[in-house]
file work.txt (compact mmCIF, C-alpha atoms and all ligand atoms)
# COMPACT_ATOMS: atom_id res chain seq x y z
CA MET A 1 21.46 -26.68 91.69
CA ASN A 2 21.95 -30.25 90.47
CA ASN A 3 25.61 -29.57 89.81
CA LYS A 4 26.35 -28.58 93.40
CA THR A 5 29.35 -30.50 94.67
CA ASP A 6 28.49 -32.80 97.58
CA TYR A 7 31.21 -32.00 100.09
CA ASN A 8 29.88 -34.66 102.43
CA GLN A 9 31.40 -37.19 100.02
CA LEU A 10 34.76 -35.43 99.86
CA ALA A 11 36.07 -35.30 103.43
CA GLY A 12 38.71 -38.03 102.81
CA ASP A 13 39.74 -36.46 99.51
CA PHE A 14 40.10 -33.04 101.06
CA THR A 15 42.52 -34.08 103.78
CA ASP A 16 44.80 -35.46 101.05
CA TYR A 17 44.23 -32.64 98.60
CA LYS A 18 45.15 -29.91 101.10
CA ALA A 19 48.15 -31.81 102.50
CA ASN A 20 50.71 -30.49 99.99
CA LYS A 21 51.86 -27.25 101.55
CA ASN A 22 54.08 -26.47 98.56
CA SER A 23 51.01 -26.19 96.36
CA ILE A 24 49.96 -22.89 94.84
CA GLU A 25 46.90 -22.72 97.13
CA TRP A 26 49.16 -22.73 100.16
CA VAL A 27 51.97 -20.57 98.83
CA GLN A 28 49.82 -17.88 97.23
CA GLY A 29 46.66 -18.32 99.27
CA TYR A 30 46.64 -19.69 102.79
CA ASN A 31 50.19 -18.56 103.67
CA ARG A 32 49.45 -15.00 102.56
CA LEU A 33 46.26 -15.01 104.54
CA THR A 34 48.11 -16.25 107.63
CA GLY A 35 50.59 -13.40 107.27
CA LEU A 36 47.85 -10.81 106.89
CA LEU A 37 45.92 -12.11 109.89
CA GLY A 38 49.08 -11.84 111.95
CA PHE A 39 48.95 -8.04 111.65
CA SER A 40 45.75 -7.75 113.62
CA LEU A 41 45.55 -10.74 115.96
CA LYS A 42 46.99 -11.37 119.40
CA PRO A 43 47.11 -14.48 121.64
CA GLY A 44 43.68 -15.28 123.05
CA ASP A 45 41.85 -13.80 120.03
CA THR A 46 39.31 -15.91 118.17
CA VAL A 47 39.08 -16.50 114.41
CA LEU A 48 35.98 -17.90 112.71
CA ASP A 49 36.84 -20.25 109.82
CA PHE A 50 33.55 -20.41 107.95
CA GLY A 51 33.31 -23.53 105.73
CA CYS A 52 36.39 -24.95 107.41
CA GLY A 53 36.26 -28.30 105.59
CA THR A 54 38.52 -30.81 107.31
CA GLY A 55 40.17 -28.06 109.34
CA ASN A 56 43.53 -27.96 107.52
CA TYR A 57 43.71 -24.18 107.65
CA ALA A 58 42.35 -23.91 111.20
CA ARG A 59 45.10 -26.24 112.42
CA THR A 60 47.77 -24.31 110.55
CA LEU A 61 46.59 -21.03 112.04
CA LYS A 62 46.73 -22.43 115.57
CA GLU A 63 50.21 -23.86 114.97
CA THR A 64 51.43 -20.54 113.57
CA TYR A 65 49.92 -18.39 116.32
CA PRO A 66 49.94 -20.30 119.61
CA GLY A 67 47.19 -19.07 121.90
CA LEU A 68 44.85 -18.27 119.03
CA VAL A 69 41.37 -19.83 119.22
CA VAL A 70 39.84 -20.98 115.93
CA ILE A 71 36.20 -21.94 115.57
CA GLY A 72 35.65 -24.04 112.44
CA VAL A 73 32.11 -24.15 111.06
CA ASP A 74 30.94 -26.32 108.18
CA SER A 75 27.63 -27.60 106.83
CA ALA A 76 28.98 -31.06 105.89
CA GLN A 77 28.87 -33.49 108.79
CA SER A 78 31.68 -35.63 107.35
CA MET A 79 33.95 -32.57 107.10
CA VAL A 80 33.27 -31.65 110.72
CA ASP A 81 33.83 -35.28 111.80
CA GLU A 82 37.15 -35.46 109.94
CA ALA A 83 38.28 -32.10 111.37
CA ARG A 84 37.47 -33.33 114.88
CA ARG A 85 39.29 -36.62 114.26
CA LEU A 86 42.43 -34.79 113.09
CA ASP A 87 42.27 -32.19 115.87
CA PRO A 88 40.35 -33.61 118.84
CA SER A 89 40.93 -30.57 121.02
CA GLY A 90 39.79 -28.19 118.25
CA ASP A 91 36.45 -26.44 118.04
CA TYR A 92 34.54 -27.64 114.97
CA VAL A 93 30.78 -27.25 114.70
CA LEU A 94 28.07 -28.18 112.25
CA TYR A 95 26.25 -25.28 110.63
CA ASN A 96 22.77 -25.80 109.31
CA GLY A 97 21.54 -22.31 108.55
CA GLY A 98 21.17 -20.70 105.17
CA ILE A 99 18.53 -19.40 102.79
CA GLN A 100 17.96 -20.17 99.13
CA ASP A 101 16.01 -17.15 97.90
CA GLU A 102 15.62 -13.42 98.25
CA ASP A 103 12.26 -13.59 100.03
CA ASN A 104 13.69 -14.62 103.37
CA LEU A 105 16.76 -12.41 103.34
CA LYS A 106 15.40 -9.50 105.39
CA SER A 107 14.04 -11.64 108.20
CA TYR A 108 16.80 -14.27 108.11
CA SER A 109 18.94 -14.69 111.21
CA GLY A 110 20.38 -18.25 111.01
CA ASN A 111 22.18 -20.18 113.74
CA LEU A 112 25.76 -18.93 113.51
CA GLU A 113 25.31 -16.62 116.50
CA GLU A 114 24.17 -19.59 118.55
CA LEU A 115 27.15 -21.69 117.44
CA VAL A 116 29.57 -18.92 118.32
CA ASN A 117 27.86 -18.76 121.67
CA GLY A 118 28.62 -15.21 122.70
CA ARG A 119 32.35 -15.41 121.97
CA VAL A 120 34.00 -12.31 120.50
CA ILE A 121 35.19 -12.99 116.94
CA ASN A 122 38.29 -10.96 116.05
CA ALA A 123 38.63 -12.12 112.43
CA ALA A 124 36.68 -14.31 110.03
CA VAL A 125 37.82 -16.22 106.97
CA ALA A 126 35.87 -18.04 104.26
CA ASN A 127 38.28 -19.97 102.05
CA PHE A 128 36.86 -21.40 98.82
CA VAL A 129 33.40 -21.56 100.37
CA PHE A 130 31.04 -18.98 98.86
CA CYS A 131 31.98 -19.98 95.32
CA THR A 132 30.81 -23.54 96.07
CA MET A 133 27.28 -22.46 96.96
CA LEU A 134 25.93 -21.84 93.44
CA ASN A 135 23.33 -19.53 94.91
CA PRO A 136 24.03 -15.83 95.52
CA TYR A 137 21.21 -15.56 98.10
CA GLU A 138 22.79 -18.27 100.22
CA ILE A 139 26.00 -16.22 100.23
CA LEU A 140 24.09 -13.06 101.17
CA GLY A 141 22.39 -14.76 104.12
CA ILE A 142 25.68 -16.11 105.43
CA CYS A 143 27.46 -12.75 105.04
CA LYS A 144 24.65 -11.27 107.10
CA GLU A 145 25.29 -13.83 109.82
CA ILE A 146 29.06 -13.30 109.76
CA HIS A 147 28.49 -9.56 110.05
CA LYS A 148 26.43 -10.19 113.19
CA VAL A 149 29.12 -12.20 114.99
CA LEU A 150 32.30 -10.43 113.84
CA LYS A 151 33.50 -7.62 116.07
CA THR A 152 33.16 -4.20 114.41
CA GLY A 153 36.35 -3.08 112.71
CA CYS A 154 37.77 -6.60 112.49
CA PRO A 155 38.68 -8.13 109.11
CA PHE A 156 36.75 -10.69 107.12
CA TYR A 157 38.87 -12.38 104.43
CA ILE A 158 37.40 -14.24 101.49
CA MET A 159 39.69 -16.46 99.43
CA GLU A 160 38.72 -18.03 96.14
CA THR A 161 39.96 -18.82 92.67
CA ASN A 162 40.76 -15.75 90.59
CA TRP A 163 38.96 -17.01 87.50
CA PRO A 164 39.98 -14.32 85.00
CA VAL A 165 43.59 -15.41 85.60
CA ALA A 166 43.08 -19.13 86.21
CA ASN A 167 40.62 -19.78 83.36
CA GLY A 168 41.89 -22.77 81.36
CA LYS A 169 45.16 -23.04 83.28
CA ASP A 170 46.77 -26.04 84.92
CA TYR A 171 48.54 -25.39 88.22
CA GLY A 172 49.43 -29.01 88.94
CA GLN A 173 47.44 -29.24 92.15
CA PHE A 174 44.34 -28.02 90.32
CA ARG A 175 43.26 -27.32 86.78
CA CYS A 176 40.52 -24.88 85.77
CA LEU A 177 38.50 -25.80 82.69
CA HIS A 178 38.53 -23.23 79.92
CA TYR A 179 35.58 -20.92 79.26
CA PRO A 180 35.73 -18.63 76.21
CA GLU A 181 33.85 -16.03 78.22
CA LEU A 182 33.25 -15.70 81.95
CA LYS A 183 29.81 -14.42 82.88
CA GLN A 184 28.74 -13.56 86.40
CA PHE A 185 26.92 -16.47 88.11
CA GLN A 186 28.08 -18.94 85.50
CA GLU A 187 28.98 -22.38 86.82
CA VAL A 188 32.66 -23.18 86.36
CA GLU A 189 34.50 -26.46 86.91
CA THR A 190 37.85 -27.22 88.45
CA ILE A 191 39.72 -30.51 88.62
CA LEU A 192 41.49 -31.04 91.93
CA ARG A 193 44.47 -33.40 91.92
CA LYS A 194 45.34 -35.32 95.03
CA PRO A 195 48.99 -36.21 95.78
CA ASP A 196 48.37 -39.78 94.52
CA GLY A 197 47.34 -38.37 91.12
CA SER A 198 43.63 -39.12 91.43
CA GLU A 199 41.27 -36.33 90.46
CA VAL A 200 38.06 -34.81 91.80
CA LEU A 201 35.84 -32.47 89.80
CA VAL A 202 34.17 -29.60 91.67
CA THR A 203 31.66 -27.05 90.43
CA ASP A 204 31.86 -23.43 91.53
CA LEU A 205 30.00 -20.23 90.75
CA TYR A 206 31.92 -17.45 89.05
CA LEU A 207 30.95 -14.44 91.15
CA GLY A 208 32.70 -11.72 89.16
CA ASP A 209 34.65 -8.73 90.35
CA THR A 210 31.90 -6.62 91.84
CA PHE A 211 29.79 -9.24 93.58
CA TYR A 212 30.96 -8.71 97.15
CA GLY A 213 30.58 -4.95 96.90
CA HIS A 214 26.92 -5.52 96.01
CA VAL A 215 26.48 -8.18 98.69
CA LEU A 216 27.48 -5.72 101.34
CA GLY A 217 25.12 -3.08 100.05
CA ASP A 218 22.29 -5.63 99.83
CA ILE A 219 22.57 -6.69 103.43
CA GLY A 220 22.65 -3.06 104.42
CA VAL A 221 26.01 -2.81 106.11
CA SER A 222 28.61 -0.21 105.69
CA CYS A 223 32.15 -1.43 105.17
CA THR A 224 35.40 -0.99 103.35
CA TYR A 225 36.03 -3.58 100.69
CA GLU A 226 39.49 -4.13 99.30
CA ASN A 227 41.52 -6.63 97.40
CA GLU A 228 44.57 -8.02 99.08
CA PRO A 229 47.01 -5.48 100.46
CA GLU A 230 50.61 -6.18 99.55
CA ASN A 231 53.30 -4.69 101.74
CA GLY A 232 50.59 -2.61 103.34
CA VAL A 233 49.46 -1.11 100.03
CA PHE A 234 46.18 -2.14 98.46
CA ARG A 235 46.77 -3.07 94.83
CA SER A 236 44.22 -2.61 92.15
CA ARG A 237 42.74 -5.88 90.95
CA HIS A 238 44.05 -5.08 87.47
CA TYR A 239 47.59 -5.77 88.62
CA TRP A 240 46.69 -8.88 90.51
CA ASP A 241 47.89 -11.86 88.52
CA SER A 242 47.67 -14.76 90.97
CA PRO A 243 45.14 -17.56 90.44
CA ILE A 244 44.19 -17.15 94.10
CA MET A 245 42.20 -14.03 95.01
CA LEU A 246 42.02 -12.70 98.55
CA ARG A 247 39.49 -10.06 99.47
CA LYS A 248 39.28 -8.17 102.71
CA ILE A 249 36.10 -6.68 104.11
CA VAL A 250 35.95 -4.53 107.22
CA TRP A 251 32.47 -3.84 108.60
CA LYS A 252 31.76 -0.46 110.07
CA GLU A 253 29.29 0.43 112.78
C1 LIG B 301 36.13 -26.21 98.79
S1 LIG B 301 35.80 -26.62 100.44
C2 LIG B 301 36.93 -25.57 101.29
C3 LIG B 301 37.23 -26.04 102.68
C4 LIG B 301 38.20 -25.17 103.47
N1 LIG B 301 37.72 -23.84 103.67
C5 LIG B 301 39.56 -25.15 102.81
O1 LIG B 301 40.00 -24.09 102.37
O2 LIG B 301 40.18 -26.23 102.74
C6 LIG B 301 34.24 -25.86 100.71
C7 LIG B 301 33.68 -26.15 102.09
O3 LIG B 301 32.56 -25.28 102.30
C8 LIG B 301 31.56 -26.00 102.96
N2 LIG B 301 30.26 -25.36 102.71
C9 LIG B 301 29.60 -25.28 101.53
N3 LIG B 301 28.41 -24.65 101.70
C10 LIG B 301 28.35 -24.31 103.01
C11 LIG B 301 27.39 -23.63 103.80
N4 LIG B 301 26.26 -23.19 103.29
N5 LIG B 301 27.64 -23.46 105.11
C12 LIG B 301 28.79 -23.91 105.66
N6 LIG B 301 29.74 -24.57 104.96
C13 LIG B 301 29.53 -24.76 103.66
C14 LIG B 301 31.65 -27.38 102.35
O4 LIG B 301 31.03 -28.37 103.15
C15 LIG B 301 33.15 -27.56 102.25
O5 LIG B 301 33.71 -28.15 103.39
call {"tool": "encode", "arguments": {"input": "work.txt", "output": "C-alpha cells"}}
result
Amino acid sequence: MNNKTDYNQLAGDFTDYKANKNSIEWVQGYNRLTGLLGFSLKPGDTVLDFGCGTGNYARTLKETYPGLVVIGVDSAQSMVDEARRLDPSGDYVLYNGGIQDEDNLKSYSGNLEELVNGRVINAAVANFVFCTMLNPYEILGICKEIHKVLKTGCPFYIMETNWPVANGKDYGQFRCLHYPELKQFQEVETILRKPDGSEVLVTDLYLGDTFYGHVLGDIGVSCTYENEPENGVFRSRHYWDSPIMLRKIVWKE
C-alpha cells in the first residue's frame, strides 16, 4: 500500500483541480450524476457524499436542488477542514472506520451509522473514492456500512474513471498513463492538471467490470446493479465510451 495517495496533502490542490466546471469530469460525470439524482430526490431529502473531498460536489448539489441536505464524509482531516471552510453551514464529518482484510468483514460495523446519526439517507454517492483505496476489502467494508444507512430502494451511485476507455488518453484536465493490459486490482496512475498547469500524480486501483457485482454478493445483500441509464434506458457497458463511468446500485430488502 506504499503507493496509496495521501489525500491529506491534497486538499488545496483539490479545490483548484475541481474548480473548472467545463472539464470532462464535470460535463460527463458530476453533471450527469446531478441530473440522475434529480429524478428521485425531493426538497428535504438527504444525500450522503462518501469521500466528499473538499465538498465541491456537495456544494453543487445543494445549489442545484435547494432544500436538499448533503452529508459529506471523508477520512482526510484536511479535506473535511477545507470543505467546512468553503461551506461553513454545510455538514462535513470525519470518517475513521474501515477494515484492511477479509478476516474482519463479517463482524465489521464501522462508524458511519453513528456519523449519520439516525438521519434517513435517500441517496448515496461515492465519486472517485473506492478506486483510491487500493484495497478491495476496505471497499467491501464501506459498502457494507453504506448499505446499513441508505434507505431501502434508494440509489447508490459510484463514479470513477472508465479505464478501458481512458487508458493512455489525455483529457486536458487529467491524463491516464498507458498500460498495455489492464488487470483487475492493478495499480494505475493518473496525472491531474490544475488550472495553473501544475500537475499531481494519483494512484488508483483498476477494479474491473465485474467488481461491484461481486462486492454486493460478498456482503450478502440483494440489489440491482446497473451502469448509467441514459434517457431512462440502461445501456450495456459495451456501448459506453466515456472516460467517466457511473454505476448505480439499488439495495433490496
Ligand atoms: C479523488 S478524491 C475525490 C473527492 C470527491 N469525491 C470528488 O469527487 O471531488 C478521493 C477522496 O476519497 C477520500 N477517501 C479515501 N479513502 C477513504 C476512506 N476509506 N474513507 C473515506 N474517505 C476516503 C480521500 O480522502 C479523498 O478526499
call {"tool": "residues_around", "arguments": {"input": "work.txt", "residues": "Gln186 of chain A", "least_positions_apart": "3", "cutoff": "9 Å", "atoms": "only C-alpha atoms", "output": "list in words"}}
result
Leu134, Leu182, Lys183, Asp204, Leu205, Tyr206 and Leu207 of chain A
call {"tool": "residues_near_ligand", "arguments": {"input": "work.txt", "ligand": "ligand LIG 301 (chain B)", "cutoff": "8 Å", "atoms": "all atoms listed in the file", "output": "PyMOL selection string"}}
result
chain A and resi 6-8+11+14+18+30+49-57+73-77+79+94-98+126-130+132-133+138-139+142
call {"tool": "atom_distance", "arguments": {"input": "work.txt", "atom1": "atom CA of Ala19 of chain A", "atom2": "atom CA of Gln173 of chain A"}}
result
10.7 Å
call {"tool": "residues_around", "arguments": {"input": "work.txt", "residues": "Asn122 of chain A", "least_positions_apart": "4", "cutoff": "8 Å", "atoms": "only C-alpha atoms", "output": "list in words"}}
result
Leu41, Asp45, Thr46, Val47, Leu150, Lys151, Cys154 and Pro155 of chain A
call {"tool": "atom_distance", "arguments": {"input": "work.txt", "atom1": "atom CA of Ser40 of chain A", "atom2": "atom CA of Ala123 of chain A"}}
result
8.4 Å
call {"tool": "decode", "arguments": {"input": "work.txt", "residues": "segment 81-124 of chain A", "atoms": "N, CA and C atoms", "output": "PDB file, in the first residue's frame"}}
result
ATOM      1  N   ASP A  81     -11.681  19.813   6.698  1.00  0.00           N
ATOM      2  CA  ASP A  81     -11.442  21.208   7.128  1.00  0.00           C
ATOM      3  C   ASP A  81     -11.691  22.173   5.973  1.00  0.00           C
ATOM      4  N   GLU A  82     -11.161  21.818   4.799  1.00  0.00           N
ATOM      5  CA  GLU A  82     -11.308  22.694   3.627  1.00  0.00           C
ATOM      6  C   GLU A  82     -12.784  22.784   3.212  1.00  0.00           C
ATOM      7  N   ALA A  83     -13.479  21.647   3.253  1.00  0.00           N
ATOM      8  CA  ALA A  83     -14.917  21.653   2.900  1.00  0.00           C
ATOM      9  C   ALA A  83     -15.679  22.561   3.871  1.00  0.00           C
ATOM     10  N   ARG A  84     -15.351  22.471   5.139  1.00  0.00           N
ATOM     11  CA  ARG A  84     -16.044  23.312   6.139  1.00  0.00           C
ATOM     12  C   ARG A  84     -15.702  24.787   5.936  1.00  0.00           C
ATOM     13  N   ARG A  85     -14.458  25.063   5.572  1.00  0.00           N
ATOM     14  CA  ARG A  85     -14.049  26.462   5.342  1.00  0.00           C
ATOM     15  C   ARG A  85     -14.829  27.054   4.154  1.00  0.00           C
ATOM     16  N   LEU A  86     -14.982  26.244   3.095  1.00  0.00           N
ATOM     17  CA  LEU A  86     -15.660  26.734   1.888  1.00  0.00           C
ATOM     18  C   LEU A  86     -17.175  26.787   2.050  1.00  0.00           C
ATOM     19  N   ASP A  87     -17.693  26.028   3.002  1.00  0.00           N
ATOM     20  CA  ASP A  87     -19.155  25.910   3.163  1.00  0.00           C
ATOM     21  C   ASP A  87     -19.461  25.762   4.654  1.00  0.00           C
ATOM     22  N   PRO A  88     -19.315  26.889   5.398  1.00  0.00           N
ATOM     23  CA  PRO A  88     -19.406  26.799   6.859  1.00  0.00           C
ATOM     24  C   PRO A  88     -20.733  26.247   7.358  1.00  0.00           C
ATOM     25  N   SER A  89     -21.799  26.419   6.599  1.00  0.00           N
ATOM     26  CA  SER A  89     -23.086  25.907   7.096  1.00  0.00           C
ATOM     27  C   SER A  89     -23.303  24.452   6.660  1.00  0.00           C
ATOM     28  N   GLY A  90     -22.364  23.898   5.907  1.00  0.00           N
ATOM     29  CA  GLY A  90     -22.519  22.522   5.409  1.00  0.00           C
ATOM     30  C   GLY A  90     -22.257  21.490   6.497  1.00  0.00           C
ATOM     31  N   ASP A  91     -22.505  20.256   6.150  1.00  0.00           N
ATOM     32  CA  ASP A  91     -22.395  19.162   7.117  1.00  0.00           C
ATOM     33  C   ASP A  91     -21.282  18.219   6.642  1.00  0.00           C
ATOM     34  N   TYR A  92     -20.072  18.434   7.141  1.00  0.00           N
ATOM     35  CA  TYR A  92     -18.921  17.630   6.714  1.00  0.00           C
ATOM     36  C   TYR A  92     -18.317  16.954   7.938  1.00  0.00           C
ATOM     37  N   VAL A  93     -18.167  15.630   7.866  1.00  0.00           N
ATOM     38  CA  VAL A  93     -17.687  14.909   9.044  1.00  0.00           C
ATOM     39  C   VAL A  93     -16.532  13.981   8.699  1.00  0.00           C
ATOM     40  N   LEU A  94     -15.689  13.788   9.702  1.00  0.00           N
ATOM     41  CA  LEU A  94     -14.514  12.927   9.535  1.00  0.00           C
ATOM     42  C   LEU A  94     -14.903  11.476   9.776  1.00  0.00           C
ATOM     43  N   TYR A  95     -14.503  10.627   8.852  1.00  0.00           N
ATOM     44  CA  TYR A  95     -14.803   9.191   8.946  1.00  0.00           C
ATOM     45  C   TYR A  95     -13.523   8.461   9.306  1.00  0.00           C
ATOM     46  N   ASN A  96     -13.589   7.610  10.308  1.00  0.00           N
ATOM     47  CA  ASN A  96     -12.361   6.870  10.621  1.00  0.00           C
ATOM     48  C   ASN A  96     -12.606   5.374  10.778  1.00  0.00           C
ATOM     49  N   GLY A  97     -13.566   4.877  10.016  1.00  0.00           N
ATOM     50  CA  GLY A  97     -13.816   3.433  10.038  1.00  0.00           C
ATOM     51  C   GLY A  97     -12.934   2.741   9.019  1.00  0.00           C
ATOM     52  N   GLY A  98     -13.329   1.538   8.660  1.00  0.00           N
ATOM     53  CA  GLY A  98     -12.607   0.823   7.604  1.00  0.00           C
ATOM     54  C   GLY A  98     -11.901  -0.416   8.101  1.00  0.00           C
ATOM     55  N   ILE A  99     -11.781  -1.392   7.202  1.00  0.00           N
ATOM     56  CA  ILE A  99     -11.025  -2.609   7.502  1.00  0.00           C
ATOM     57  C   ILE A  99     -10.006  -2.807   6.395  1.00  0.00           C
ATOM     58  N   GLN A 100      -9.004  -3.608   6.662  1.00  0.00           N
ATOM     59  CA  GLN A 100      -7.960  -3.828   5.661  1.00  0.00           C
ATOM     60  C   GLN A 100      -7.896  -5.275   5.176  1.00  0.00           C
ATOM     61  N   ASP A 101      -8.617  -6.184   5.841  1.00  0.00           N
ATOM     62  CA  ASP A 101      -8.531  -7.576   5.391  1.00  0.00           C
ATOM     63  C   ASP A 101      -9.862  -8.294   5.554  1.00  0.00           C
ATOM     64  N   GLU A 102      -9.912  -9.471   4.966  1.00  0.00           N
ATOM     65  CA  GLU A 102     -11.152 -10.231   4.893  1.00  0.00           C
ATOM     66  C   GLU A 102     -11.634 -10.693   6.269  1.00  0.00           C
ATOM     67  N   ASP A 103     -10.667 -10.926   7.179  1.00  0.00           N
ATOM     68  CA  ASP A 103     -10.987 -11.544   8.469  1.00  0.00           C
ATOM     69  C   ASP A 103     -12.073 -10.797   9.232  1.00  0.00           C
ATOM     70  N   ASN A 104     -12.004  -9.461   9.162  1.00  0.00           N
ATOM     71  CA  ASN A 104     -12.933  -8.679   9.982  1.00  0.00           C
ATOM     72  C   ASN A 104     -14.245  -8.336   9.276  1.00  0.00           C
ATOM     73  N   LEU A 105     -14.364  -8.757   8.023  1.00  0.00           N
ATOM     74  CA  LEU A 105     -15.507  -8.278   7.234  1.00  0.00           C
ATOM     75  C   LEU A 105     -16.863  -8.640   7.841  1.00  0.00           C
ATOM     76  N   LYS A 106     -17.005  -9.897   8.271  1.00  0.00           N
ATOM     77  CA  LYS A 106     -18.316 -10.350   8.777  1.00  0.00           C
ATOM     78  C   LYS A 106     -18.764  -9.562  10.000  1.00  0.00           C
ATOM     79  N   SER A 107     -17.808  -9.318  10.907  1.00  0.00           N
ATOM     80  CA  SER A 107     -18.183  -8.669  12.167  1.00  0.00           C
ATOM     81  C   SER A 107     -18.100  -7.139  12.079  1.00  0.00           C
ATOM     82  N   TYR A 108     -17.594  -6.630  10.974  1.00  0.00           N
ATOM     83  CA  TYR A 108     -17.318  -5.188  10.887  1.00  0.00           C
ATOM     84  C   TYR A 108     -18.587  -4.348  10.884  1.00  0.00           C
ATOM     85  N   SER A 109     -18.617  -3.280  11.675  1.00  0.00           N
ATOM     86  CA  SER A 109     -19.779  -2.392  11.587  1.00  0.00           C
ATOM     87  C   SER A 109     -19.393  -0.930  11.333  1.00  0.00           C
ATOM     88  N   GLY A 110     -18.196  -0.483  11.737  1.00  0.00           N
ATOM     89  CA  GLY A 110     -17.743   0.870  11.403  1.00  0.00           C
ATOM     90  C   GLY A 110     -18.495   1.982  12.119  1.00  0.00           C
ATOM     91  N   ASN A 111     -18.180   3.234  11.764  1.00  0.00           N
ATOM     92  CA  ASN A 111     -18.821   4.341  12.491  1.00  0.00           C
ATOM     93  C   ASN A 111     -19.683   5.251  11.612  1.00  0.00           C
ATOM     94  N   LEU A 112     -19.986   4.785  10.389  1.00  0.00           N
ATOM     95  CA  LEU A 112     -20.794   5.637   9.510  1.00  0.00           C
ATOM     96  C   LEU A 112     -22.201   5.868  10.088  1.00  0.00           C
ATOM     97  N   GLU A 113     -22.766   4.812  10.647  1.00  0.00           N
ATOM     98  CA  GLU A 113     -24.121   4.904  11.210  1.00  0.00           C
ATOM     99  C   GLU A 113     -24.152   5.990  12.296  1.00  0.00           C
ATOM    100  N   GLU A 114     -23.101   6.010  13.085  1.00  0.00           N
ATOM    101  CA  GLU A 114     -23.011   6.997  14.164  1.00  0.00           C
ATOM    102  C   GLU A 114     -22.907   8.421  13.572  1.00  0.00           C
ATOM    103  N   LEU A 115     -22.107   8.555  12.514  1.00  0.00           N
ATOM    104  CA  LEU A 115     -21.933   9.876  11.907  1.00  0.00           C
ATOM    105  C   LEU A 115     -23.242  10.375  11.283  1.00  0.00           C
ATOM    106  N   VAL A 116     -23.985   9.463  10.720  1.00  0.00           N
ATOM    107  CA  VAL A 116     -25.241   9.829  10.079  1.00  0.00           C
ATOM    108  C   VAL A 116     -26.314  10.130  11.132  1.00  0.00           C
ATOM    109  N   ASN A 117     -26.119   9.539  12.297  1.00  0.00           N
ATOM    110  CA  ASN A 117     -26.889   9.916  13.467  1.00  0.00           C
ATOM    111  C   ASN A 117     -28.405   9.780  13.293  1.00  0.00           C
ATOM    112  N   GLY A 118     -28.803   8.647  12.762  1.00  0.00           N
ATOM    113  CA  GLY A 118     -30.234   8.359  12.677  1.00  0.00           C
ATOM    114  C   GLY A 118     -30.960   9.040  11.530  1.00  0.00           C
ATOM    115  N   ARG A 119     -30.254   9.868  10.750  1.00  0.00           N
ATOM    116  CA  ARG A 119     -30.951  10.554   9.648  1.00  0.00           C
ATOM    117  C   ARG A 119     -31.228   9.585   8.495  1.00  0.00           C
ATOM    118  N   VAL A 120     -32.360   9.782   7.834  1.00  0.00           N
ATOM    119  CA  VAL A 120     -32.710   8.914   6.696  1.00  0.00           C
ATOM    120  C   VAL A 120     -31.891   9.372   5.486  1.00  0.00           C
ATOM    121  N   ILE A 121     -31.196   8.437   4.851  1.00  0.00           N
ATOM    122  CA  ILE A 121     -30.389   8.774   3.673  1.00  0.00           C
ATOM    123  C   ILE A 121     -31.150   8.322   2.425  1.00  0.00           C
ATOM    124  N   ASN A 122     -31.462   9.280   1.558  1.00  0.00           N
ATOM    125  CA  ASN A 122     -32.298   8.995   0.381  1.00  0.00           C
ATOM    126  C   ASN A 122     -31.492   8.695  -0.881  1.00  0.00           C
ATOM    127  N   ALA A 123     -30.198   8.993  -0.845  1.00  0.00           N
ATOM    128  CA  ALA A 123     -29.310   8.626  -1.965  1.00  0.00           C
ATOM    129  C   ALA A 123     -27.880   8.728  -1.436  1.00  0.00           C
ATOM    130  N   ALA A 124     -27.006   7.904  -2.004  1.00  0.00           N
ATOM    131  CA  ALA A 124     -25.586   7.997  -1.624  1.00  0.00           C
ATOM    132  C   ALA A 124     -24.760   8.070  -2.900  1.00  0.00           C
TER     133      ALA A 124
END
